[in-house]
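Student: Take a look at final16.txt, compact mmCIF, C-alpha atoms (C1' of nucleotides):
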```
# COMPACT_ATOMS: atom_id res chain seq x y z
CA MET A 1 0.06 -0.96 29.06
CA LYS A 2 2.48 -3.84 29.43
CA THR A 3 5.80 -3.28 27.77
CA THR A 4 5.56 -6.34 25.54
CA LEU A 5 2.18 -5.24 24.28
CA ARG A 6 3.53 -1.80 23.54
CA LYS A 7 6.51 -3.25 21.74
CA ILE A 8 4.27 -5.38 19.55
CA VAL A 9 2.26 -2.33 18.57
CA MET A 10 5.38 -0.28 17.87
CA GLU A 11 6.89 -2.98 15.69
CA ALA A 12 3.57 -3.46 13.93
CA ARG A 13 3.62 0.24 13.17
CA GLU A 14 7.02 -0.04 11.53
CA LEU A 15 5.85 -2.98 9.45
CA PHE A 16 2.66 -1.25 8.37
CA ARG A 17 4.60 1.88 7.53
CA GLU A 18 7.16 0.01 5.45
CA HIS A 19 5.05 -2.70 3.82
CA GLY A 20 1.46 -1.59 4.18
CA TYR A 21 -1.39 -3.63 5.55
CA ASP A 22 -1.21 -6.53 3.10
CA GLY A 23 2.56 -6.60 2.97
CA ALA A 24 3.03 -6.78 6.72
CA SER A 25 2.92 -10.37 7.95
CA MET A 26 2.20 -11.67 11.41
CA GLN A 27 5.18 -13.94 10.99
CA ASP A 28 7.52 -10.98 10.52
CA LEU A 29 5.92 -9.13 13.38
CA ALA A 30 6.41 -12.08 15.72
CA ALA A 31 10.06 -12.37 14.73
CA ARG A 32 10.65 -8.68 15.39
CA VAL A 33 9.35 -8.93 18.94
CA GLY A 34 11.05 -12.27 19.60
CA LEU A 35 7.94 -14.43 19.68
CA LYS A 36 6.29 -17.05 17.54
CA LYS A 37 3.30 -16.17 15.45
CA ALA A 38 0.82 -18.14 17.55
CA SER A 39 1.80 -16.14 20.64
CA LEU A 40 0.62 -12.92 19.08
CA TYR A 41 -2.91 -14.28 19.04
CA THR A 42 -3.04 -14.40 22.83
CA ARG A 43 -2.96 -10.59 22.81
CA PHE A 44 -4.74 -9.68 19.60
CA PRO A 45 -7.75 -11.39 18.05
CA ASN A 46 -6.48 -10.86 14.52
CA LYS A 47 -4.31 -8.76 12.26
CA GLU A 48 -7.00 -6.18 11.65
CA ALA A 49 -7.15 -5.27 15.35
CA LEU A 50 -3.54 -4.15 15.20
CA VAL A 51 -4.48 -1.23 13.01
CA SER A 52 -6.50 0.63 15.59
CA GLU A 53 -3.87 -0.07 18.24
CA VAL A 54 -1.16 1.33 16.02
CA LEU A 55 -3.11 4.46 15.21
CA THR A 56 -4.20 5.04 18.80
CA LEU A 57 -0.59 4.87 19.94
CA THR A 58 0.49 7.22 17.19
CA LEU A 59 -2.19 9.74 18.00
CA GLU A 60 -1.22 9.58 21.66
CA GLU A 61 2.43 10.23 20.95
CA THR A 62 1.59 13.04 18.59
CA LEU A 63 -0.71 14.91 20.96
CA LYS A 64 0.70 14.03 24.38
CA GLY A 65 2.00 17.00 26.36
CA LEU A 66 1.32 19.57 23.67
CA PRO A 67 1.59 23.17 24.89
CA ASP A 68 -1.83 24.46 25.88
CA PRO A 69 -3.12 26.30 22.81
CA ARG A 70 -5.30 28.53 25.02
CA GLU A 71 -2.13 30.03 26.43
CA ASP A 72 0.00 30.15 23.31
CA TRP A 73 -1.72 28.79 20.24
CA GLN A 74 1.22 29.52 17.97
CA LEU A 75 3.56 27.48 20.14
CA ALA A 76 1.10 24.61 20.20
CA TRP A 77 0.78 24.82 16.43
CA GLN A 78 4.51 24.86 15.75
CA THR A 79 5.05 21.97 18.14
CA LEU A 80 2.36 19.84 16.52
CA ILE A 81 3.51 20.51 12.97
CA GLY A 82 7.09 19.90 14.05
CA ARG A 83 6.25 16.53 15.54
CA ILE A 84 4.42 15.35 12.47
CA ALA A 85 7.16 16.52 10.15
CA LYS A 86 9.90 15.02 12.27
CA THR A 87 8.28 11.61 12.09
CA PHE A 88 7.88 11.89 8.34
CA GLU A 89 11.48 12.92 7.90
CA THR A 90 13.03 10.23 10.08
CA ARG A 91 10.69 7.39 9.10
CA LYS A 92 10.34 8.53 5.48
CA ARG A 93 6.65 7.76 5.39
CA CYS A 94 3.34 8.15 7.17
CA VAL A 95 1.80 4.97 8.57
CA GLY A 96 -1.62 6.51 8.39
CA LEU A 97 -1.36 7.26 4.70
CA HIS A 98 -0.06 3.79 3.90
CA LEU A 99 -2.90 2.26 5.86
CA ALA A 100 -5.45 4.63 4.33
CA TYR A 101 -4.55 3.34 0.89
CA GLY A 102 -4.02 -0.23 2.13
CA VAL A 103 -7.17 -1.09 4.02
CA THR A 104 -10.36 -1.79 2.09
CA SER A 105 -13.93 -2.69 2.80
CA VAL A 106 -12.93 -6.27 3.65
CA THR A 107 -11.41 -4.93 6.88
CA PRO A 108 -14.09 -2.47 7.92
CA GLU A 109 -12.88 -1.94 11.47
CA ALA A 110 -9.42 -1.08 10.27
CA GLN A 111 -10.95 1.27 7.72
CA ALA A 112 -12.97 2.99 10.41
CA ALA A 113 -9.90 3.31 12.61
CA VAL A 114 -7.98 5.03 9.82
CA SER A 115 -10.82 7.44 9.14
CA GLN A 116 -11.07 8.27 12.81
CA PHE A 117 -7.34 8.75 13.11
CA PHE A 118 -7.21 11.43 10.45
CA ASN A 119 -10.40 13.08 11.59
CA VAL A 120 -9.16 13.40 15.14
CA LEU A 121 -5.83 14.72 14.01
CA ARG A 122 -7.47 17.26 11.75
CA GLU A 123 -9.86 18.34 14.49
CA ARG A 124 -7.03 18.89 16.95
CA MET A 125 -5.22 20.98 14.38
CA ALA A 126 -8.39 22.92 13.64
CA ASP A 127 -8.94 23.56 17.34
CA ILE A 128 -5.61 25.30 17.56
CA LEU A 129 -6.19 27.36 14.44
CA ARG A 130 -9.61 28.36 15.70
CA LEU A 131 -8.07 29.72 18.89
CA GLY A 132 -5.71 31.68 16.66
CA GLY A 133 -8.60 33.24 14.83
CA ILE A 134 -7.70 31.61 11.51
CA PRO A 135 -10.67 31.65 9.15
CA GLN A 136 -12.15 28.26 8.16
CA PRO A 137 -9.90 26.31 10.52
CA ASP A 138 -11.24 22.91 9.45
CA SER A 139 -10.40 23.42 5.81
CA ALA A 140 -7.07 24.95 6.65
CA ALA A 141 -6.13 21.99 8.84
CA ALA A 142 -7.15 19.51 6.14
CA ASP A 143 -5.19 21.36 3.48
CA ILE A 144 -2.06 21.66 5.57
CA LEU A 145 -2.17 18.01 6.55
CA ALA A 146 -2.62 17.10 2.88
CA GLN A 147 0.42 19.14 1.97
CA LEU A 148 2.52 17.40 4.62
CA GLU A 149 1.33 13.95 3.59
CA GLY A 150 1.87 14.68 -0.06
CA ALA A 151 5.42 15.80 0.64
CA THR A 152 6.26 12.29 1.84
CA LEU A 153 5.78 11.16 -1.75
CA TRP A 154 9.02 12.91 -2.68
CA ILE A 155 10.85 11.44 0.27
CA THR A 156 9.96 7.88 -0.70
CA THR A 157 10.51 8.28 -4.43
CA SER A 158 13.63 10.40 -4.53
CA GLY A 159 14.71 11.01 -0.95
CA ASP A 160 14.08 14.71 -1.39
CA VAL A 161 13.01 16.24 1.91
CA GLU A 162 12.84 19.80 0.65
CA PRO A 163 9.13 19.67 -0.24
CA LEU A 164 8.43 18.59 3.34
CA ARG A 165 10.62 21.39 4.71
CA ARG A 166 8.81 23.93 2.57
CA ALA A 167 5.47 22.50 3.69
CA VAL A 168 6.51 22.95 7.31
CA LYS A 169 7.61 26.51 6.73
CA SER A 170 4.41 27.45 4.96
CA ALA A 171 2.35 25.68 7.62
CA SER A 172 4.17 27.62 10.31
CA ARG A 173 3.41 30.87 8.54
CA LEU A 174 -0.04 29.62 7.61
CA ASP A 175 0.36 31.02 4.11
CA VAL A 176 -1.90 28.37 2.69
CA PHE A 177 -4.46 29.21 0.09
CA GLY A 178 -4.47 32.86 0.99
CA ARG A 179 -4.99 32.37 4.75
CA LYS A 180 -1.78 34.15 5.67
CA ILE A 181 -1.37 35.18 9.30
CA MET B 1 0.06 -1.50 -28.99
CA LYS B 2 -2.27 -4.46 -29.30
CA THR B 3 -5.63 -3.94 -27.75
CA THR B 4 -5.36 -6.96 -25.45
CA LEU B 5 -2.02 -5.79 -24.19
CA ARG B 6 -3.43 -2.35 -23.52
CA LYS B 7 -6.39 -3.82 -21.71
CA ILE B 8 -4.13 -5.88 -19.48
CA VAL B 9 -2.18 -2.77 -18.54
CA MET B 10 -5.32 -0.76 -17.90
CA GLU B 11 -6.81 -3.44 -15.67
CA ALA B 12 -3.50 -3.83 -13.88
CA ARG B 13 -3.61 -0.11 -13.20
CA GLU B 14 -7.02 -0.41 -11.59
CA LEU B 15 -5.81 -3.29 -9.43
CA PHE B 16 -2.65 -1.46 -8.37
CA ARG B 17 -4.65 1.64 -7.62
CA GLU B 18 -7.18 -0.22 -5.52
CA HIS B 19 -5.05 -2.86 -3.82
CA GLY B 20 -1.45 -1.70 -4.18
CA TYR B 21 1.45 -3.73 -5.49
CA ASP B 22 1.29 -6.57 -2.98
CA GLY B 23 -2.48 -6.70 -2.85
CA ALA B 24 -2.95 -6.94 -6.61
CA SER B 25 -2.79 -10.55 -7.75
CA MET B 26 -2.04 -11.94 -11.18
CA GLN B 27 -5.00 -14.23 -10.73
CA ASP B 28 -7.38 -11.29 -10.34
CA LEU B 29 -5.77 -9.50 -13.24
CA ALA B 30 -6.22 -12.51 -15.51
CA ALA B 31 -9.87 -12.82 -14.54
CA ARG B 32 -10.48 -9.15 -15.31
CA VAL B 33 -9.15 -9.47 -18.85
CA GLY B 34 -10.81 -12.82 -19.48
CA LEU B 35 -7.69 -14.95 -19.48
CA LYS B 36 -6.01 -17.53 -17.31
CA LYS B 37 -3.11 -16.50 -15.17
CA ALA B 38 -0.51 -18.44 -17.14
CA SER B 39 -1.48 -16.58 -20.31
CA LEU B 40 -0.38 -13.29 -18.83
CA TYR B 41 3.15 -14.60 -18.71
CA THR B 42 3.33 -14.81 -22.49
CA ARG B 43 3.17 -11.02 -22.57
CA PHE B 44 4.92 -10.00 -19.38
CA PRO B 45 7.94 -11.64 -17.80
CA ASN B 46 6.66 -11.06 -14.28
CA LYS B 47 4.46 -8.95 -12.07
CA GLU B 48 7.10 -6.33 -11.51
CA ALA B 49 7.25 -5.49 -15.21
CA LEU B 50 3.62 -4.41 -15.11
CA VAL B 51 4.51 -1.43 -12.96
CA SER B 52 6.51 0.41 -15.59
CA GLU B 53 3.90 -0.39 -18.23
CA VAL B 54 1.15 1.00 -16.04
CA LEU B 55 3.05 4.19 -15.31
CA THR B 56 4.14 4.70 -18.91
CA LEU B 57 0.54 4.43 -20.05
CA THR B 58 -0.60 6.82 -17.36
CA LEU B 59 2.05 9.37 -18.23
CA GLU B 60 1.09 9.09 -21.88
CA GLU B 61 -2.58 9.68 -21.21
CA THR B 62 -1.81 12.58 -18.90
CA LEU B 63 0.45 14.42 -21.31
CA LYS B 64 -0.94 13.44 -24.73
CA GLY B 65 -2.28 16.31 -26.76
CA LEU B 66 -1.69 18.98 -24.14
CA PRO B 67 -2.04 22.55 -25.44
CA ASP B 68 1.36 23.87 -26.45
CA PRO B 69 2.62 25.81 -23.42
CA ARG B 70 4.76 28.01 -25.68
CA GLU B 71 1.57 29.40 -27.16
CA ASP B 72 -0.58 29.57 -24.02
CA TRP B 73 1.16 28.32 -20.91
CA GLN B 74 -1.80 29.07 -18.67
CA LEU B 75 -4.09 26.92 -20.80
CA ALA B 76 -1.57 24.09 -20.79
CA TRP B 77 -1.26 24.40 -17.02
CA GLN B 78 -4.98 24.39 -16.35
CA THR B 79 -5.46 21.44 -18.66
CA LEU B 80 -2.74 19.39 -17.00
CA ILE B 81 -3.90 20.14 -13.47
CA GLY B 82 -7.46 19.43 -14.53
CA ARG B 83 -6.55 16.04 -15.94
CA ILE B 84 -4.71 14.96 -12.83
CA ALA B 85 -7.48 16.14 -10.54
CA LYS B 86 -10.18 14.53 -12.65
CA THR B 87 -8.49 11.16 -12.38
CA PHE B 88 -8.13 11.54 -8.63
CA GLU B 89 -11.73 12.52 -8.23
CA THR B 90 -13.22 9.75 -10.35
CA ARG B 91 -10.84 6.97 -9.30
CA LYS B 92 -10.51 8.21 -5.72
CA ARG B 93 -6.79 7.52 -5.59
CA CYS B 94 -3.49 7.94 -7.38
CA VAL B 95 -1.90 4.74 -8.70
CA GLY B 96 1.49 6.35 -8.56
CA LEU B 97 1.20 7.18 -4.89
CA HIS B 98 -0.04 3.72 -4.00
CA LEU B 99 2.85 2.18 -5.92
CA ALA B 100 5.34 4.63 -4.44
CA TYR B 101 4.44 3.41 -0.98
CA GLY B 102 3.99 -0.18 -2.12
CA VAL B 103 7.16 -1.06 -3.99
CA THR B 104 10.34 -1.65 -2.02
CA SER B 105 13.94 -2.53 -2.70
CA VAL B 106 12.98 -6.14 -3.48
CA THR B 107 11.45 -4.89 -6.73
CA PRO B 108 14.11 -2.41 -7.83
CA GLU B 109 12.90 -1.98 -11.39
CA ALA B 110 9.43 -1.13 -10.22
CA GLN B 111 10.90 1.28 -7.72
CA ALA B 112 12.90 2.97 -10.45
CA ALA B 113 9.83 3.18 -12.65
CA VAL B 114 7.88 4.94 -9.92
CA SER B 115 10.69 7.44 -9.30
CA GLN B 116 10.92 8.18 -12.98
CA PHE B 117 7.17 8.58 -13.30
CA PHE B 118 6.99 11.33 -10.72
CA ASN B 119 10.17 13.01 -11.88
CA VAL B 120 8.93 13.21 -15.44
CA LEU B 121 5.56 14.50 -14.34
CA ARG B 122 7.14 17.13 -12.14
CA GLU B 123 9.50 18.18 -14.92
CA ARG B 124 6.68 18.61 -17.38
CA MET B 125 4.81 20.73 -14.86
CA ALA B 126 7.93 22.74 -14.16
CA ASP B 127 8.50 23.31 -17.88
CA ILE B 128 5.14 24.98 -18.15
CA LEU B 129 5.67 27.11 -15.08
CA ARG B 130 9.08 28.16 -16.39
CA LEU B 131 7.50 29.40 -19.58
CA GLY B 132 5.10 31.37 -17.43
CA GLY B 133 7.95 33.02 -15.61
CA ILE B 134 7.09 31.46 -12.27
CA PRO B 135 10.06 31.61 -9.90
CA GLN B 136 11.61 28.27 -8.84
CA PRO B 137 9.39 26.23 -11.13
CA ASP B 138 10.78 22.87 -9.99
CA SER B 139 9.94 23.47 -6.37
CA ALA B 140 6.57 24.92 -7.24
CA ALA B 141 5.70 21.90 -9.35
CA ALA B 142 6.76 19.50 -6.60
CA ASP B 143 4.76 21.37 -3.98
CA ILE B 144 1.64 21.56 -6.08
CA LEU B 145 1.82 17.89 -6.97
CA ALA B 146 2.28 17.08 -3.28
CA GLN B 147 -0.81 19.07 -2.42
CA LEU B 148 -2.87 17.25 -5.03
CA GLU B 149 -1.61 13.84 -3.93
CA GLY B 150 -2.18 14.64 -0.29
CA ALA B 151 -5.72 15.69 -1.01
CA THR B 152 -6.51 12.12 -2.13
CA LEU B 153 -6.01 11.09 1.47
CA TRP B 154 -9.28 12.78 2.37
CA ILE B 155 -11.08 11.22 -0.55
CA THR B 156 -10.12 7.70 0.50
CA THR B 157 -10.67 8.19 4.22
CA SER B 158 -13.84 10.24 4.28
CA GLY B 159 -14.94 10.74 0.69
CA ASP B 160 -14.40 14.47 1.04
CA VAL B 161 -13.34 15.94 -2.30
CA GLU B 162 -13.23 19.54 -1.12
CA PRO B 163 -9.53 19.50 -0.22
CA LEU B 164 -8.81 18.36 -3.77
CA ARG B 165 -11.03 21.08 -5.21
CA ARG B 166 -9.28 23.71 -3.13
CA ALA B 167 -5.91 22.32 -4.22
CA VAL B 168 -6.95 22.65 -7.85
CA LYS B 169 -8.12 26.21 -7.36
CA SER B 170 -4.95 27.24 -5.61
CA ALA B 171 -2.85 25.46 -8.23
CA SER B 172 -4.71 27.28 -10.97
CA ARG B 173 -4.02 30.59 -9.29
CA LEU B 174 -0.54 29.43 -8.33
CA ASP B 175 -0.99 30.91 -4.87
CA VAL B 176 1.31 28.32 -3.39
CA PHE B 177 3.85 29.26 -0.81
CA GLY B 178 3.76 32.89 -1.80
CA ARG B 179 4.28 32.32 -5.52
CA LYS B 180 1.06 34.03 -6.52
CA ILE B 181 0.65 34.98 -10.18
C1' DA C 1 -1.02 -25.76 -47.90
C1' DT C 2 2.37 -25.64 -44.63
C1' DA C 3 5.65 -24.23 -41.41
C1' DA C 4 6.55 -21.11 -37.72
C1' DA C 5 5.41 -18.13 -34.24
C1' DA C 6 2.01 -16.35 -30.77
C1' DT C 7 -1.11 -17.17 -27.74
C1' DA C 8 -3.96 -19.94 -24.85
C1' DC C 9 -4.88 -23.66 -21.75
C1' DT C 10 -4.64 -27.27 -17.65
C1' DA C 11 -2.08 -28.66 -14.06
C1' DC C 12 1.20 -28.08 -10.95
C1' DC C 13 5.18 -26.16 -7.87
C1' DG C 14 7.21 -24.45 -3.36
C1' DA C 15 6.54 -20.64 -0.39
C1' DC C 16 3.91 -18.04 2.33
C1' DC C 17 -0.47 -16.22 4.21
C1' DG C 18 -3.78 -15.52 8.54
C1' DG C 19 -5.32 -18.27 11.90
C1' DT C 20 -6.16 -22.46 15.18
C1' DC C 21 -5.10 -26.44 18.10
C1' DG C 22 -3.48 -28.95 22.01
C1' DG C 23 0.00 -29.10 24.97
C1' DG C 24 3.26 -27.30 27.51
C1' DT C 25 5.68 -23.79 31.32
C1' DG C 26 6.20 -20.32 34.88
C1' DT C 27 4.03 -17.73 38.56
C1' DA C 28 0.98 -16.64 42.13
C1' DA C 29 -2.93 -17.03 44.91
C1' DA C 30 -5.63 -20.34 47.95
C1' DT D 1 -0.01 -28.78 47.23
C1' DT D 2 -3.41 -27.70 44.38
C1' DT D 3 -5.69 -24.71 41.27
C1' DA D 4 -5.83 -21.19 38.04
C1' DC D 5 -4.31 -18.18 34.76
C1' DA D 6 -1.26 -15.87 31.45
C1' DC D 7 1.81 -16.81 28.26
C1' DC D 8 4.42 -19.38 24.74
C1' DC D 9 5.24 -22.96 21.43
C1' DG D 10 5.48 -26.65 17.45
C1' DA D 11 2.50 -28.43 14.28
C1' DC D 12 -0.93 -27.92 11.41
C1' DC D 13 -5.17 -26.01 8.59
C1' DG D 14 -7.21 -24.35 4.09
C1' DG D 15 -6.13 -21.14 0.93
C1' DT D 16 -3.51 -17.86 -2.10
C1' DC D 17 0.68 -16.18 -3.88
C1' DG D 18 4.00 -15.58 -8.17
C1' DG D 19 5.68 -18.39 -11.43
C1' DT D 20 6.58 -22.67 -14.64
C1' DA D 21 6.08 -27.00 -17.64
C1' DG D 22 4.02 -29.07 -21.25
C1' DT D 23 0.63 -29.01 -24.64
C1' DA D 24 -3.17 -27.53 -27.55
C1' DT D 25 -4.98 -23.92 -30.53
C1' DT D 26 -4.96 -19.96 -33.27
C1' DT D 27 -2.79 -16.59 -36.14
C1' DT D 28 0.63 -15.16 -39.44
C1' DA D 29 4.12 -15.57 -43.12
C1' DT D 30 5.81 -18.07 -46.85
```
Please re-express this file's structure in structure tokens.

Tutor:
Amino acid sequence: MKTTLRKIVMEARELFREHGYDGASMQDLAARVGLKKASLYTRFPNKEALVSEVLTLTLEETLKGLPDPREDWQLAWQTLIGRIAKTFETRKRCVGLHLAYGVTSVTPEAQAAVSQFFNVLRERMADILRLGGIPQPDSAAADILAQLEGATLWITTSGDVEPLRRAVKSASRLDVFGRKI
Amino acid sequence: MKTTLRKIVMEARELFREHGYDGASMQDLAARVGLKKASLYTRFPNKEALVSEVLTLTLEETLKGLPDPREDWQLAWQTLIGRIAKTFETRKRCVGLHLAYGVTSVTPEAQAAVSQFFNVLRERMADILRLGGIPQPDSAAADILAQLEGATLWITTSGDVEPLRRAVKSASRLDVFGRKI
DNA sequence: ATAAAATACTACCGACCGGTCGGGTGTAAA
DNA sequence: TTTACACCCGACCGGTCGGTAGTATTTTAT
């Protein structure tokens, strides 16, 4: 991927994270990458297409080079949870959540991309838990991800990161809904 | 409160919930209540002021007529959790969460209103847990609310309400992060 | 009945939105 | 040297945004 293209996607991610789908403007995005708005349309057909690019990049970064869960599933699990939580803590929010609430049926491809993003993430998490012999790994993954996402609410409203920290701890110990290790 | 005023606030809530702060337009709001846009400005100074009205109404509805927790804290708890979850399940989303992500520093009063909304809600939850002798009631309330909010992610992305149902069950049993009843 | 206050309307404002157009410019292959 | 392509730009499109001015209509209080 060309570096300019990657930079556009990364800046788009920041804008989506901060201002949501509606609130992010192509004008702002162009300014952040040092281009004019019209130039963006040589690389992307429209604003909606940015969504799937942003989420694909994010998924890549989140999963790339994870420890092989077949060798040490607990290490893979801690690493994955740690990556997610670190992003939430430094960026204060989750792009995916903002987009999930922000895209509607008028942008169906973006909506599909968001759904897929969270499904893939949950499946990867469930894969690891399954290797660890955790019962109902799909539900457990969904619940833990929900807890992490929900914790970002407190970061954005009051700056309190403790709920996220507690969510990470409990996810590490897997003491969620009586599924303790 | 005059009925028209209340209707405006209720419709504004639906718009904020569905489209977020930026995505909700005064034009749409006016159409929903059978008025012209300019007429809204005889009741509200600006769009931002709607946020605190919406959240005040929501807090009122959520807390009004709750069973007295000093008589039966478990009943009060179940009722409160049930109300929150019912709204999430029928409306698919939480207005507060959408606004929390949607308002920024350019609308400081709205931002403050959102912070206050969640703080008050958490405090009320914590009050009940305190009466029940639950350890660290503030943290417990924050964590449980986070879990409920996070569960709405799955409702909006895939329509799956099971994470929310599990969150309600675990909240009812208070088996959160090892704080089991 | 009348004055005052609330509420409603039409019409408009400047700013910004996503997106398109035609015309450049630099590079690299033929 | 020509051709081709990728990229970038200023200017512009129709449309929507939050908000306002001025005026008409309805409600309320005296």

Student: Mind listing as a ChimeraX atom specification all residues within 10 Å of (-3.1, -22.7, 20.1), counting all atoms listed in the file?

Tutor: /A:38-39,41-42 /C:19-23 /D:8-11

Student: Given only C-alpha atoms, how would the per-residue table for chain B near chain A read, listing every residue at most 7 Å away with its closest atom pair and distance in Å to one decimal, sorted by chain and number, as a tab-separated table?

Tutor:
```
residue	atom	partner	partner_atom	distance
B:His19	CA	A:Gly102	CA	6.6
B:Gly20	CA	A:Gly102	CA	7.0
B:Asp22	CA	A:Gly23	CA	6.1
B:Gly23	CA	A:Asp22	CA	6.1
B:Leu97	CA	A:Leu153	CA	6.8
B:His98	CA	A:Tyr101	CA	6.7
B:Ala100	CA	A:Thr157	CA	6.3
B:Tyr101	CA	A:His98	CA	6.6
B:Gly102	CA	A:His19	CA	6.5
B:Val114	CA	A:Thr157	CA	6.9
B:Ser115	CA	A:Thr157	CA	4.9
B:Ala142	CA	A:Pro163	CA	6.8
B:Asp143	CA	A:Pro163	CA	6.0
B:Ala146	CA	A:Gly150	CA	4.0
B:Gln147	CA	A:Gln147	CA	4.6
B:Glu149	CA	A:Gly150	CA	5.3
B:Gly150	CA	A:Ala146	CA	4.0
B:Ala151	CA	A:Ala146	CA	5.2
B:Leu153	CA	A:Leu97	CA	6.8
B:Thr156	CA	A:Ala100	CA	6.8
B:Thr157	CA	A:Ser115	CA	5.0
B:Ser158	CA	A:Ser115	CA	6.4
B:Pro163	CA	A:Asp143	CA	6.0
B:Ser170	CA	A:Phe177	CA	6.1
B:Asp175	CA	A:Phe177	CA	6.3
B:Val176	CA	A:Phe177	CA	6.8
B:Phe177	CA	A:Ser170	CA	6.1
```

Student: Measure the distance from CA of Val95 (chain A) to CA of Glu123 (chain B) in Å and round it to one decimal.

Tutor: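 Atom-to-atom, CA of Val95 (chain A) and CA of Glu123 (chain B) are spaced 28.0 Å apart.
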
Student: Find the residues of chain A in contact range of chain C, meaning any atom within 8 Å when counting only C-alpha atoms (C1' of nucleotides), and list them as a ChimeraX atom specification.

Tutor: /A:25-26,46-47

Student: Per residue of chain D within 10 Å of chain B, note the shortest atom pair and the distance in Å to one decimal, counting all atoms listed in the file, and order the rows by chain and increasing residue number, as a Markdown table.

Tutor:
```
| residue | atom | partner | partner_atom | distance |
| --- | --- | --- | --- | --- |
| D:DT16 | C1' | B:Ser25 | CA | 9.3 |
| D:DC17 | C1' | B:Ser25 | CA | 7.7 |
| D:DG18 | C1' | B:Met26 | CA | 7.7 |
| D:DG19 | C1' | B:Asn46 | CA | 7.9 |
| D:DT20 | C1' | B:Ala38 | CA | 8.6 |
```

Student: Would you kindly return, as a PyMOL selection string, each protein, DNA or RNA residue with an atom no farther than 10 Å from any atom of Gln74 (chain B), considering all atoms listed in the file and excluding same-chain residues fewer than 2 positions away?

Tutor: chain B and resi 67-72+76-80+128-129+131-132+172-173

Student: Provide the CA of Glu89 (chain A) to CA of Val33 (chain A) distance in Å, to one decimal place.

Tutor: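 Answer for the CA of Glu89 (chain A) to CA of Val33 (chain A) separation: 24.6 Å.
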
Student: Show me, as a VMD selection string, the residues that have an atom within 9 Å of Leu57 (chain B) when counting only C-alpha atoms (C1' of nucleotides), minus same-chain residues fewer than 6 positions from it.

Tutor: chain B and resid 6 9 to 10

Student: For Ala49 (chain B), please output as a ChimeraX atom specification all residues within 9 Å (counting only C-alpha atoms (C1' of nucleotides); exclusion window: fewer than 4 positions along the same chain).

Tutor: /B:44-45,53-54,109-110

Student: Which distance in Å separates CA of Glu11 (chain A) and CA of Glu61 (chain A), to one decimal?

Tutor: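 Value for the CA of Glu11 (chain A)-CA of Glu61 (chain A) distance: 14.9 Å.
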